[in-house]
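Student: Contents of run02.pdb (PDB, C-alpha atoms and all ligand atoms) are given next:
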ATOM      1  CA  MET A   1     109.064 128.286  58.505
ATOM      2  CA  ALA A   2     112.006 129.870  56.706
ATOM      3  CA  SER A   3     109.546 131.673  54.434
ATOM      4  CA  ILE A   4     107.903 133.623  57.251
ATOM      5  CA  PRO A   5     109.269 137.177  57.389
ATOM      6  CA  LEU A   6     110.545 137.680  60.937
ATOM      7  CA  PRO A   7     110.447 140.960  62.836
ATOM      8  CA  THR A   8     113.755 142.762  63.240
ATOM      9  CA  PRO A   9     114.998 145.646  65.434
ATOM     10  CA  ALA A  10     114.491 147.879  62.386
ATOM     11  CA  ARG A  11     110.910 146.619  61.903
ATOM     12  CA  PRO A  12     109.809 145.360  65.317
ATOM     13  CA  LEU A  13     106.604 143.442  66.008
ATOM     14  CA  ARG A  14     104.461 145.675  68.225
ATOM     15  CA  ILE A  15     102.720 143.627  70.929
ATOM     16  CA  GLY A  16      99.591 145.290  72.301
ATOM     17  CA  THR A  17      98.437 144.561  75.840
ATOM     18  CA  ARG A  18      96.411 146.013  78.670
ATOM     19  CA  ALA A  19      98.557 147.752  81.255
ATOM     20  CA  SER A  20      97.647 145.668  84.342
ATOM     21  CA  PRO A  21     100.508 143.676  85.902
ATOM     22  CA  LEU A  22      98.819 140.399  84.860
ATOM     23  CA  ALA A  23      98.304 141.551  81.272
ATOM     24  CA  LEU A  24     101.937 142.707  81.074
ATOM     25  CA  ALA A  25     103.142 139.353  82.409
ATOM     26  CA  GLN A  26     101.084 137.619  79.716
ATOM     27  CA  ALA A  27     102.412 139.902  76.972
ATOM     28  CA  ASN A  28     105.931 139.033  78.120
ATOM     29  CA  MET A  29     105.046 135.322  77.902
ATOM     30  CA  ALA A  30     103.915 135.825  74.305
ATOM     31  CA  ALA A  31     107.141 137.725  73.569
ATOM     32  CA  ALA A  32     109.207 134.959  75.165
ATOM     33  CA  ALA A  33     107.454 132.285  73.079
ATOM     34  CA  LEU A  34     108.195 134.199  69.860
ATOM     35  CA  THR A  35     111.778 134.922  70.865
ATOM     36  CA  LYS A  36     112.392 131.273  71.697
ATOM     37  CA  ALA A  37     110.748 129.869  68.558
ATOM     38  CA  HIS A  38     112.711 132.121  66.197
ATOM     39  CA  ALA A  39     115.841 133.124  68.121
ATOM     40  CA  LEU A  40     114.696 136.749  67.777
ATOM     41  CA  ASP A  41     116.696 139.724  68.870
ATOM     42  CA  LEU A  42     115.042 141.223  71.979
ATOM     43  CA  GLU A  43     114.694 144.523  70.131
ATOM     44  CA  ALA A  44     112.648 142.844  67.412
ATOM     45  CA  LEU A  45     109.677 142.987  69.803
ATOM     46  CA  GLU A  46     108.076 146.022  71.374
ATOM     47  CA  ILE A  47     105.423 145.942  74.126
ATOM     48  CA  VAL A  48     102.713 148.618  73.784
ATOM     49  CA  ALA A  49     100.530 148.864  76.923
ATOM     50  CA  MET A  50      97.139 150.586  77.089
ATOM     51  CA  THR A  51      94.303 151.011  79.604
ATOM     52  CA  ALA A  52      91.010 149.254  78.831
ATOM     53  CA  THR A  53      87.528 150.548  79.687
ATOM     54  CA  GLY A  54      87.121 147.623  82.075
ATOM     55  CA  ASP A  55      90.243 148.713  83.985
ATOM     56  CA  ARG A  56      88.881 152.238  84.461
ATOM     57  CA  ILE A  57      85.569 151.189  85.982
ATOM     58  CA  GLN A  58      86.213 149.906  89.483
ATOM     59  CA  ASP A  59      83.080 150.672  91.450
ATOM     60  CA  ARG A  60      80.352 148.797  89.594
ATOM     61  CA  ALA A  61      79.760 145.262  88.403
ATOM     62  CA  LEU A  62      80.700 145.099  84.747
ATOM     63  CA  ALA A  63      77.424 143.286  84.075
ATOM     64  CA  GLU A  64      75.713 146.539  85.147
ATOM     65  CA  VAL A  65      77.958 148.739  83.038
ATOM     66  CA  GLY A  66      76.736 146.787  80.033
ATOM     67  CA  GLY A  67      78.130 147.277  76.591
ATOM     68  CA  LYS A  68      80.493 144.877  75.004
ATOM     69  CA  ALA A  69      84.205 144.500  74.610
ATOM     70  CA  LEU A  70      85.112 146.221  77.885
ATOM     71  CA  TRP A  71      88.518 144.587  77.793
ATOM     72  CA  THR A  72      89.173 144.527  74.057
ATOM     73  CA  ARG A  73      87.855 147.816  72.633
ATOM     74  CA  GLU A  74      91.092 149.821  72.923
ATOM     75  CA  LEU A  75      93.315 146.973  71.736
ATOM     76  CA  ASP A  76      90.957 146.276  68.822
ATOM     77  CA  ALA A  77      91.088 149.914  67.734
ATOM     78  CA  ALA A  78      94.896 149.987  67.934
ATOM     79  CA  LEU A  79      95.178 146.716  66.006
ATOM     80  CA  ASP A  80      92.745 147.884  63.345
ATOM     81  CA  ALA A  81      94.584 151.198  62.968
ATOM     82  CA  GLY A  82      97.946 149.456  62.599
ATOM     83  CA  ALA A  83      99.355 150.962  65.814
ATOM     84  CA  ILE A  84     100.089 147.423  67.043
ATOM     85  CA  ASP A  85     100.635 144.170  65.118
ATOM     86  CA  ILE A  86      99.288 141.658  67.632
ATOM     87  CA  ALA A  87      97.137 141.830  70.771
ATOM     88  CA  VAL A  88      97.612 139.504  73.745
ATOM     89  CA  HIS A  89      94.462 138.715  75.702
ATOM     90  CA  SER A  90      93.256 136.699  78.668
ATOM     91  CA  LEU A  91      90.967 134.741  76.401
ATOM     92  CA  LYS A  92      88.393 134.432  79.181
ATOM     93  CA  ASP A  93      87.700 138.158  78.821
ATOM     94  CA  VAL A  94      87.359 138.113  75.031
ATOM     95  CA  GLU A  95      83.931 137.874  73.387
ATOM     96  CA  THR A  96      83.327 134.513  71.719
ATOM     97  CA  ILE A  97      82.072 136.150  68.541
ATOM     98  CA  ARG A  98      84.809 138.392  67.186
ATOM     99  CA  ASP A  99      84.852 140.967  64.465
ATOM    100  CA  ALA A 100      86.004 139.452  61.159
ATOM    101  CA  ARG A 101      88.875 141.981  61.006
ATOM    102  CA  PHE A 102      90.698 140.000  63.699
ATOM    103  CA  ALA A 103      92.127 136.481  63.628
ATOM    104  CA  LEU A 104      93.140 134.342  66.582
ATOM    105  CA  GLY A 105      96.574 133.157  65.452
ATOM    106  CA  ALA A 106      97.791 131.481  68.628
ATOM    107  CA  MET A 107      96.932 130.230  72.058
ATOM    108  CA  LEU A 108      99.773 129.619  74.484
ATOM    109  CA  GLU A 109      99.713 126.364  76.428
ATOM    110  CA  ARG A 110      97.000 126.591  79.062
ATOM    111  CA  ALA A 111      98.088 127.081  82.650
ATOM    112  CA  ASP A 112      96.312 125.670  85.720
ATOM    113  CA  PRO A 113      92.616 126.186  84.839
ATOM    114  CA  ARG A 114      91.351 126.041  88.434
ATOM    115  CA  ASP A 115      90.109 128.739  90.763
ATOM    116  CA  ARG A 116      91.920 129.265  94.046
ATOM    117  CA  LEU A 117      90.134 130.128  97.271
ATOM    118  CA  VAL A 118      91.933 132.951  99.056
ATOM    119  CA  VAL A 119      90.984 133.850 102.639
ATOM    120  CA  ARG A 120      91.962 136.865 104.715
ATOM    121  CA  GLY A 121      94.177 136.612 107.768
ATOM    122  CA  GLY A 122      92.220 135.162 110.691
ATOM    123  CA  VAL A 123      90.054 132.883 108.539
ATOM    124  CA  THR A 124      91.035 129.257 108.017
ATOM    125  CA  ALA A 125      89.533 127.332 105.116
ATOM    126  CA  SER A 126      90.983 125.412 102.219
ATOM    127  CA  THR A 127      87.700 124.670 100.455
ATOM    128  CA  ILE A 128      84.376 126.470 100.083
ATOM    129  CA  ALA A 129      82.830 123.849 102.370
ATOM    130  CA  ASP A 130      85.300 124.845 105.129
ATOM    131  CA  LEU A 131      84.371 128.540 105.211
ATOM    132  CA  PRO A 132      82.790 129.680 108.485
ATOM    133  CA  HIS A 133      78.998 129.971 108.550
ATOM    134  CA  GLY A 134      77.829 133.256 107.046
ATOM    135  CA  ALA A 135      81.277 134.265 105.762
ATOM    136  CA  ARG A 136      81.396 137.024 103.140
ATOM    137  CA  LEU A 137      82.821 135.928  99.804
ATOM    138  CA  GLY A 138      83.655 138.701  97.351
ATOM    139  CA  THR A 139      83.724 138.184  93.596
ATOM    140  CA  SER A 140      82.799 140.064  90.454
ATOM    141  CA  SER A 141      82.088 136.902  88.508
ATOM    142  CA  PRO A 142      78.415 135.883  88.139
ATOM    143  CA  ARG A 143      79.642 132.307  87.571
ATOM    144  CA  ARG A 144      81.617 132.174  90.817
ATOM    145  CA  ALA A 145      78.792 133.867  92.733
ATOM    146  CA  ALA A 146      76.233 131.334  91.458
ATOM    147  CA  GLN A 147      78.534 128.379  92.167
ATOM    148  CA  VAL A 148      79.208 129.578  95.702
ATOM    149  CA  ARG A 149      75.527 130.259  96.400
ATOM    150  CA  ARG A 150      74.718 126.762  95.250
ATOM    151  CA  LEU A 151      77.415 125.115  97.384
ATOM    152  CA  ARG A 152      76.921 127.374 100.405
ATOM    153  CA  PRO A 153      73.578 129.229 100.499
ATOM    154  CA  ASP A 154      74.518 130.610 103.947
ATOM    155  CA  LEU A 155      77.441 132.659 102.620
ATOM    156  CA  ALA A 156      77.028 136.309 101.665
ATOM    157  CA  THR A 157      78.384 136.901  98.167
ATOM    158  CA  THR A 158      79.336 140.501  97.566
ATOM    159  CA  LEU A 159      80.907 142.453  94.721
ATOM    160  CA  LEU A 160      84.702 142.583  94.702
ATOM    161  CA  ARG A 161      86.308 144.184  91.664
ATOM    162  CA  GLY A 162      89.663 145.439  90.533
ATOM    163  CA  ASN A 163      92.787 143.753  89.294
ATOM    164  CA  VAL A 164      94.279 140.839  91.220
ATOM    165  CA  GLN A 165      96.447 143.030  93.492
ATOM    166  CA  THR A 166      93.522 145.339  94.294
ATOM    167  CA  ARG A 167      91.277 142.422  95.209
ATOM    168  CA  LEU A 168      93.904 140.907  97.474
ATOM    169  CA  ALA A 169      94.403 144.274  99.200
ATOM    170  CA  ARG A 170      90.643 144.655  99.754
ATOM    171  CA  LEU A 171      90.500 141.120 101.140
ATOM    172  CA  GLU A 172      93.342 141.824 103.572
ATOM    173  CA  GLY A 173      91.602 145.079 104.493
ATOM    174  CA  GLY A 174      88.723 142.975 105.801
ATOM    175  CA  GLU A 175      86.108 144.043 103.241
ATOM    176  CA  VAL A 176      85.386 140.353 102.641
ATOM    177  CA  ASP A 177      86.477 137.095 104.275
ATOM    178  CA  ALA A 178      87.313 135.183 101.125
ATOM    179  CA  THR A 179      87.532 135.417  97.366
ATOM    180  CA  LEU A 180      88.110 133.183  94.371
ATOM    181  CA  LEU A 181      90.827 133.967  91.846
ATOM    182  CA  ALA A 182      92.117 132.116  88.810
ATOM    183  CA  ALA A 183      95.216 130.068  89.660
ATOM    184  CA  ALA A 184      96.646 131.034  86.260
ATOM    185  CA  GLY A 185      96.585 134.728  87.084
ATOM    186  CA  LEU A 186      98.085 134.280  90.543
ATOM    187  CA  ASP A 187     100.829 132.035  89.205
ATOM    188  CA  ARG A 188     101.709 134.445  86.390
ATOM    189  CA  LEU A 189     102.118 137.172  89.011
ATOM    190  CA  GLY A 190     104.464 134.911  90.967
ATOM    191  CA  MET A 191     101.888 134.363  93.735
ATOM    192  CA  HIS A 192     102.267 130.598  93.813
ATOM    193  CA  ASP A 193     101.536 130.267  97.528
ATOM    194  CA  ILE A 194      98.385 132.366  97.618
ATOM    195  CA  GLY A 195      95.145 130.422  98.120
ATOM    196  CA  GLU A 196      94.100 126.813  97.706
ATOM    197  CA  ALA A 197      93.217 125.333  94.308
ATOM    198  CA  GLN A 198      89.645 124.082  94.140
ATOM    199  CA  SER A 199      88.920 120.832  92.326
ATOM    200  CA  THR A 200      87.281 121.285  88.914
ATOM    201  CA  ASP A 201      84.748 118.658  90.081
ATOM    202  CA  LEU A 202      83.438 121.081  92.687
ATOM    203  CA  LEU A 203      84.120 124.370  90.995
ATOM    204  CA  LEU A 204      84.125 124.096  87.216
ATOM    205  CA  PRO A 205      86.156 126.965  85.687
ATOM    206  CA  ALA A 206      85.021 129.577  83.171
ATOM    207  CA  ALA A 207      85.363 128.920  79.449
ATOM    208  CA  SER A 208      88.940 129.845  78.391
ATOM    209  CA  GLN A 209      90.209 130.206  81.953
ATOM    210  CA  GLY A 210      93.998 130.006  81.998
ATOM    211  CA  ALA A 211      94.306 130.451  78.237
ATOM    212  CA  ILE A 212      96.184 133.326  76.585
ATOM    213  CA  GLY A 213      95.022 134.207  73.083
ATOM    214  CA  ILE A 214      96.985 136.234  70.557
ATOM    215  CA  GLU A 215      95.230 138.021  67.717
ATOM    216  CA  CYS A 216      96.418 139.824  64.612
ATOM    217  CA  ARG A 217      94.622 141.542  61.738
ATOM    218  CA  ALA A 218      92.841 138.964  59.584
ATOM    219  CA  ASP A 219      94.474 140.420  56.459
ATOM    220  CA  ASP A 220      98.002 140.273  57.906
ATOM    221  CA  ALA A 221      99.007 136.861  56.558
ATOM    222  CA  ALA A 222     102.664 137.153  57.567
ATOM    223  CA  THR A 223     101.865 137.867  61.218
ATOM    224  CA  PHE A 224      99.198 135.164  61.261
ATOM    225  CA  ALA A 225     101.773 132.656  59.980
ATOM    226  CA  LEU A 226     104.226 133.832  62.644
ATOM    227  CA  LEU A 227     101.614 133.346  65.388
ATOM    228  CA  LYS A 228     100.761 129.876  64.083
ATOM    229  CA  THR A 229     104.330 128.809  64.906
ATOM    230  CA  ILE A 230     103.706 129.329  68.637
ATOM    231  CA  ASP A 231     100.141 127.989  68.725
ATOM    232  CA  HIS A 232      99.588 125.156  71.234
ATOM    233  CA  ALA A 233      97.163 122.932  69.336
ATOM    234  CA  PRO A 234      95.808 120.823  72.257
ATOM    235  CA  THR A 235      94.980 124.015  74.188
ATOM    236  CA  HIS A 236      93.503 125.627  71.082
ATOM    237  CA  ARG A 237      91.149 122.711  70.415
ATOM    238  CA  ALA A 238      90.039 122.346  74.030
ATOM    239  CA  VAL A 239      89.432 126.059  74.531
ATOM    240  CA  ALA A 240      87.679 126.335  71.146
ATOM    241  CA  ALA A 241      85.187 123.706  72.375
ATOM    242  CA  GLU A 242      84.494 125.711  75.565
ATOM    243  CA  ARG A 243      84.047 128.890  73.550
ATOM    244  CA  ALA A 244      81.748 127.187  71.025
ATOM    245  CA  LEU A 245      79.501 126.090  73.895
ATOM    246  CA  LEU A 246      79.468 129.579  75.417
ATOM    247  CA  ALA A 247      78.748 131.131  72.008
ATOM    248  CA  ALA A 248      75.868 128.699  71.408
ATOM    249  CA  LEU A 249      74.359 129.826  74.711
ATOM    250  CA  GLY A 250      74.690 133.466  73.654
ATOM    251  CA  GLY A 251      76.867 133.926  76.747
ATOM    252  CA  ASP A 252      80.022 135.849  77.581
ATOM    253  CA  CYS A 253      82.462 136.150  80.490
ATOM    254  CA  ARG A 254      79.667 137.734  82.556
ATOM    255  CA  SER A 255      77.256 134.814  82.161
ATOM    256  CA  PRO A 256      76.765 132.228  84.930
ATOM    257  CA  VAL A 257      78.306 129.509  82.779
ATOM    258  CA  ALA A 258      81.177 127.157  83.550
ATOM    259  CA  ALA A 259      82.837 125.161  80.784
ATOM    260  CA  TYR A 260      86.011 123.145  80.857
ATOM    261  CA  ALA A 261      87.395 120.785  78.225
ATOM    262  CA  HIS A 262      90.305 118.502  78.931
ATOM    263  CA  TRP A 263      92.116 115.713  77.141
ATOM    264  CA  LEU A 264      91.540 112.195  78.416
ATOM    265  CA  GLY A 265      94.302 109.597  78.405
ATOM    266  CA  ASP A 266      92.935 107.954  75.272
ATOM    267  CA  GLY A 267      93.156 111.142  73.219
ATOM    268  CA  ALA A 268      89.471 112.053  73.499
ATOM    269  CA  LEU A 269      88.388 115.554  74.475
ATOM    270  CA  ARG A 270      85.792 115.769  77.242
ATOM    271  CA  LEU A 271      83.771 118.963  77.649
ATOM    272  CA  ASP A 272      82.034 119.586  80.975
ATOM    273  CA  ALA A 273      79.590 122.446  81.346
ATOM    274  CA  GLU A 274      77.223 123.923  83.913
ATOM    275  CA  ILE A 275      74.738 126.739  83.601
ATOM    276  CA  PHE A 276      73.128 128.478  86.567
ATOM    277  CA  SER A 277      70.291 130.763  87.495
ATOM    278  CA  ASP A 278      71.554 134.098  88.860
ATOM    279  CA  ASP A 279      70.966 133.099  92.473
ATOM    280  CA  GLY A 280      72.601 129.714  91.978
ATOM    281  CA  ALA A 281      69.425 128.018  93.213
ATOM    282  CA  ASP A 282      68.917 126.218  89.911
ATOM    283  CA  HIS A 283      71.514 124.713  87.682
ATOM    284  CA  VAL A 284      72.076 122.116  84.985
ATOM    285  CA  ALA A 285      75.282 120.186  84.379
ATOM    286  CA  GLY A 286      76.361 117.879  81.589
ATOM    287  CA  HIS A 287      79.313 116.629  79.639
ATOM    288  CA  ALA A 288      80.104 115.199  76.223
ATOM    289  CA  LEU A 289      83.025 113.937  74.203
ATOM    290  CA  VAL A 290      83.691 116.484  71.504
ATOM    291  CA  THR A 291      85.496 116.270  68.191
ATOM    292  CA  GLY A 292      84.373 119.612  66.813
ATOM    293  CA  ARG A 293      82.208 122.682  67.184
ATOM    294  CA  GLY A 294      78.970 120.809  66.505
ATOM    295  CA  ASP A 295      79.399 118.553  69.540
ATOM    296  CA  ALA A 296      79.935 121.542  71.836
ATOM    297  CA  GLU A 297      76.869 123.274  70.374
ATOM    298  CA  ALA A 298      74.826 120.117  70.845
ATOM    299  CA  LEU A 299      75.826 119.992  74.517
ATOM    300  CA  ALA A 300      74.739 123.630  74.907
ATOM    301  CA  GLN A 301      71.376 122.794  73.362
ATOM    302  CA  ARG A 302      70.937 119.748  75.590
ATOM    303  CA  LEU A 303      71.650 121.813  78.709
ATOM    304  CA  LEU A 304      69.117 124.435  77.606
ATOM    305  CA  ASP A 305      66.508 121.757  76.897
ATOM    306  CA  GLU A 306      66.975 120.337  80.392
ATOM    307  CA  ALA A 307      67.208 123.690  82.173
ATOM    308  CA  PRO A 308      64.391 125.106  84.300
ATOM    309  CA  GLY A 309      62.957 128.465  83.193
ATOM    310  CA  SER A 310      65.021 130.337  85.800
ATOM    311  CA  VAL A 311      68.177 129.238  84.005
ATOM    312  CA  ARG A 312      66.918 129.315  80.407
ATOM    313  CA  ARG A 313      65.668 132.868  80.745
ATOM    314  CA  LEU A 314      69.277 134.120  81.148
ATOM    315  CA  PHE A 315      70.312 132.856  77.766
ATOM    316  CA  ALA A 316      69.478 134.369  74.430
ATOM    317  CA  VAL A 317      68.481 131.138  72.685
TER
HETATM  318  N1  LIG B 401      88.266 138.457  84.667
HETATM  319  C1  LIG B 401      89.589 138.776  85.084
HETATM  320  C2  LIG B 401      90.560 137.724  84.687
HETATM  321  N2  LIG B 401      90.732 137.366  83.391
HETATM  322  C3  LIG B 401      91.678 136.380  83.345
HETATM  323  C4  LIG B 401      92.102 136.152  84.645
HETATM  324  C5  LIG B 401      93.108 135.170  85.072
HETATM  325  C6  LIG B 401      93.979 134.571  84.010
HETATM  326  C7  LIG B 401      93.316 133.519  83.182
HETATM  327  O1  LIG B 401      92.232 132.998  83.485
HETATM  328  O2  LIG B 401      93.961 133.166  82.169
HETATM  329  C8  LIG B 401      91.406 137.002  85.492
HETATM  330  C9  LIG B 401      91.530 137.114  86.956
HETATM  331  C10 LIG B 401      90.724 136.078  87.695
HETATM  332  O3  LIG B 401      89.694 135.594  87.200
HETATM  333  O4  LIG B 401      91.117 135.749  88.818
END
Let's see the structure in the file written out as structure tokens.
Tutor:
Amino acid sequence: MASIPLPTPARPLRIGTRASPLALAQANMAAAALTKAHALDLEALEIVAMTATGDRIQDRALAEVGGKALWTRELDAALDAGAIDIAVHSLKDVETIRDARFALGAMLERADPRDRLVVRGGVTASTIADLPHGARLGTSSPRRAAQVRRLRPDLATTLLRGNVQTRLARLEGGEVDATLLAAAGLDRLGMHDIGEAQSTDLLLPAASQGAIGIECRADDAATFALLKTIDHAPTHRAVAAERALLAALGGDCRSPVAAYAHWLGDGALRLDAEIFSDDGADHVAGHALVTGRGDAEALAQRLLDEAPGSVRRLFAV
């Protein structure tokens, strides 16, 4: 570790992030991990915030906007140009197949991977099953929409976009009766009391949910070595399995896919996955013990083999 050149106030490490409050909180977590691991001077790190395409578009479903890398394009360009040294991402929003110019040096320890159900004032429900008949649930996630339609075909799922604060404001404004948000995001914003966590048995999370990934340029060996020192290996291996499954399906964060890997008491890694048709009417679920990429890919293939056409048609395999 002594051989890794550390950033200094004279040559600070520039940490690139999106400018949303959640992204900034995550960038500060990455900075804190580096500071703690290496007793760095605070001025040895510099946060560089930028707006992503996905942050600018608020009125349409991102699935409709199309195109790739809605959350990463600006950070990728800055990293490639040398304007920043590392980029901190909500890994859930990052494409599974990345340009070879970038290397994922670290994942921070995963936070609570669950979704929380948040209801507006005047509605009482702690689970999806409790929601009043016909309630309107807003989400921008095709996965959450499909899961909710499957559990509660009577609910009206509508589009609700924007960052966490915007969604909560629109919920309180009465636009919808309920929404689902990642516990990790709420907690990182200090909103520990907002919403009720939903069991992963009923509502399997998205691949990478709750995981923060930190990338550097693939040819920047010193920064890669620095990131390695704050990598949380159990998180990295679990999340890599989820991402391998999603990649094998040809999916991304806009696909109706849920995948969650967690460590069992005996040291084995169990990967659970579900894939849905758009309307949530059809779905396939399965799980496997995984020791590497191949096992996750095999589970993806098994799910596709078992899936009805309505589900299979969504995936590019
Ligand atoms: N797609 C938006 C997004 N990307 C990551 C998070 C939460 C933080 C995380 O999962 O690590 C969120 C908000 C949400 O889904 O509620």
Student: Need the shell around Ala111 of chain A: protein/DNA/RNA residues with any atom at most 7 Å away, counting only C-alpha atoms. Skip same-chain ones fewer than 3 positions apart. Format as a PDB file with C-alpha atoms, keeping the file's coordinate frame?
Tutor:
ATOM      1  CA  ALA A 184      96.646 131.034  86.260  1.00  0.00           C
ATOM      2  CA  GLY A 210      93.998 130.006  81.998  1.00  0.00           C
ATOM      3  CA  ALA A 211      94.306 130.451  78.237  1.00  0.00           C
TER       4      ALA A 211
END
Student: Return as a CSV table (one decimal) with C-alpha atoms, keeping the file's coordinate frame the residues of protein, DNA or RNA that approach ligand LIG 401 (chain B) to within 9 Å, with all atoms listed in the file taken into account.
Tutor:
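Contents of the output file pocket_27.csv:
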chain,number,residue,atom,x,y,z
A,22,LEU,CA,98.8,140.4,84.9
A,23,ALA,CA,98.3,141.6,81.3
A,26,GLN,CA,101.1,137.6,79.7
A,89,HIS,CA,94.5,138.7,75.7
A,90,SER,CA,93.3,136.7,78.7
A,91,LEU,CA,91.0,134.7,76.4
A,92,LYS,CA,88.4,134.4,79.2
A,93,ASP,CA,87.7,138.2,78.8
A,110,ARG,CA,97.0,126.6,79.1
A,111,ALA,CA,98.1,127.1,82.6
A,112,ASP,CA,96.3,125.7,85.7
A,113,PRO,CA,92.6,126.2,84.8
A,114,ARG,CA,91.4,126.0,88.4
A,115,ASP,CA,90.1,128.7,90.8
A,116,ARG,CA,91.9,129.3,94.0
A,140,SER,CA,82.8,140.1,90.5
A,141,SER,CA,82.1,136.9,88.5
A,162,GLY,CA,89.7,145.4,90.5
A,163,ASN,CA,92.8,143.8,89.3
A,164,VAL,CA,94.3,140.8,91.2
A,180,LEU,CA,88.1,133.2,94.4
A,181,LEU,CA,90.8,134.0,91.8
A,182,ALA,CA,92.1,132.1,88.8
A,183,ALA,CA,95.2,130.1,89.7
A,184,ALA,CA,96.6,131.0,86.3
A,185,GLY,CA,96.6,134.7,87.1
A,186,LEU,CA,98.1,134.3,90.5
A,187,ASP,CA,100.8,132.0,89.2
A,188,ARG,CA,101.7,134.4,86.4
A,205,PRO,CA,86.2,127.0,85.7
A,206,ALA,CA,85.0,129.6,83.2
A,207,ALA,CA,85.4,128.9,79.4
A,208,SER,CA,88.9,129.8,78.4
A,209,GLN,CA,90.2,130.2,82.0
A,210,GLY,CA,94.0,130.0,82.0
A,211,ALA,CA,94.3,130.5,78.2
A,212,ILE,CA,96.2,133.3,76.6
A,253,CYS,CA,82.5,136.2,80.5
A,254,ARG,CA,79.7,137.7,82.6
Student: Contacts of segment 12-16 of chain A at 7 Å or less, counting all atoms listed in the file, minus same-chain residues fewer than 4 places along, as a list in words?
Tutor: Pro7, Thr8, Glu43, Ala44, Leu45, Glu46, Ile47, Val48, Ala49, Leu75, Ile84, Asp85, Ile86, Ala87 and Val88 of chain A
Student: Excluding Leu299 of chain A and its own-chain neighbours fewer than 5 positions away, which residues fall within 10 Å of it when counting all atoms listed in the file? Please give them as a list in words.
Tutor: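 Residues meeting the cut-off are Ala244, Leu245, Ala248, Leu249, Leu271, Asp272, Ala273, Ala285, Gly286, His287, Ala288, Leu289, Val290, Gly294, Leu304 and Asp305 of chain A.
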Student: Measuring atom to atom with all atoms listed in the file, identify which of A:Asp41, A:Glu215, A:Asp193, A:Glu172 is nearest to Arg120 of chain A.
Tutor: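 Ranking A:Asp41, A:Glu215, A:Asp193, A:Glu172 by distance to Arg120 of chain A, first place goes to A:Glu172.
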Student: Could you give me, as a PyMOL selection string, the residues that sit within 8 Å of (96.8, 147.1, 81.6) in the file's coordinates, counting only C-alpha atoms?
Tutor: chain A and resi 17-24+49-52+55
Student: Could you tell me which of A:Leu314, A:Leu246, A:Leu168, A:Leu6 comes closest to Met191 of chain A if we count all atoms listed in the file?
Tutor: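 Once distances to Met191 of chain A are computed over all atoms listed in the file, the minimum belongs to A:Leu168.
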Student: Written as an NGL selection string, what is the full residue list that the PyMOL selection byres (((chain A and resi 247) around 10) and not hetatm) yields on the file shown?
Tutor: :A and (95-97 or 241-246 or 248-252 or 296-297 or 300)
Student: Please write as a list in words the list of polymer residues whose atoms come within 7 Å of (79.5, 130.3, 82.8), counting only C-alpha atoms and keeping to the coordinates of the file.
Tutor: Arg143, Ala206, Ala207, Cys253, Ser255, Pro256, Val257, Ala258, Ala259, Glu274 and Ile275 of chain A
Student: In Å, with one decimal, what is the gap from atom CA of Ser310 of chain A to atom CA of Ser277 of chain A?
Tutor: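 The value is 5.6 Å.
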Student: Please write the residues picked by the PyMOL selection byres (((chain A and resi 230) around 7) and not hetatm) on this file as an MDAnalysis selection string.
Tutor: chainID A and resid 33:34 106 227:229 231:232
Student: Find, counting all atoms listed in the file, the residue in A:Leu203, A:Ala221, A:Leu226, A:Ala25 that gets nearest to Gly190 of chain A.
Tutor: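 Going through A:Leu203, A:Ala221, A:Leu226, A:Ala25 one by one, the smallest distance to Gly190 of chain A is for A:Ala25.
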Student: Can you tell me, as AutoDock Vina command-line options, the centre and edge lengths (Å, one decimal) of the axis-aligned box enclosing all of segment 251-258 of chain A's listed atoms after padding each side by 8 Å?
Tutor:
--center_x 79.6 --center_y 132.4 --center_z 80.8 --size_x 21.7 --size_y 26.6 --size_z 24.2
Student: Can you list, as number ranges by chain, the residues that the PyMOL selection byres (((chain A and resi 130) around 12) and not hetatm) selects here?
Tutor: A: 117, 119, 123-129, 131-135, 151-152, 155, 178, 196, 198
Student: Where atoms are absent from segment 224-231 of chain A, fill them in so it carries N, CA and C atoms, then output it as a PDB file, in the frame of the given file.
Tutor:
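Once everything was written out, this is part_36.pdb:
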ATOM      1  N   PHE A 224      99.990 136.344  60.920  1.00  0.00           N
ATOM      2  CA  PHE A 224      99.198 135.164  61.261  1.00  0.00           C
ATOM      3  C   PHE A 224     100.080 133.905  61.186  1.00  0.00           C
ATOM      4  N   ALA A 225     100.883 133.815  60.134  1.00  0.00           N
ATOM      5  CA  ALA A 225     101.773 132.656  59.980  1.00  0.00           C
ATOM      6  C   ALA A 225     102.794 132.602  61.126  1.00  0.00           C
ATOM      7  N   LEU A 226     103.274 133.776  61.528  1.00  0.00           N
ATOM      8  CA  LEU A 226     104.226 133.832  62.644  1.00  0.00           C
ATOM      9  C   LEU A 226     103.554 133.324  63.929  1.00  0.00           C
ATOM     10  N   LEU A 227     102.320 133.778  64.172  1.00  0.00           N
ATOM     11  CA  LEU A 227     101.614 133.346  65.388  1.00  0.00           C
ATOM     12  C   LEU A 227     101.353 131.841  65.369  1.00  0.00           C
ATOM     13  N   LYS A 228     101.029 131.326  64.205  1.00  0.00           N
ATOM     14  CA  LYS A 228     100.761 129.876  64.083  1.00  0.00           C
ATOM     15  C   LYS A 228     101.932 129.046  64.621  1.00  0.00           C
ATOM     16  N   THR A 229     103.152 129.579  64.484  1.00  0.00           N
ATOM     17  CA  THR A 229     104.330 128.809  64.906  1.00  0.00           C
ATOM     18  C   THR A 229     104.406 128.662  66.426  1.00  0.00           C
ATOM     19  N   ILE A 230     103.676 129.482  67.173  1.00  0.00           N
ATOM     20  CA  ILE A 230     103.706 129.329  68.637  1.00  0.00           C
ATOM     21  C   ILE A 230     102.348 128.866  69.181  1.00  0.00           C
ATOM     22  N   ASP A 231     101.460 128.456  68.274  1.00  0.00           N
ATOM     23  CA  ASP A 231     100.141 127.989  68.725  1.00  0.00           C
ATOM     24  C   ASP A 231     100.260 126.618  69.387  1.00  0.00           C
TER      25      ASP A 231
END
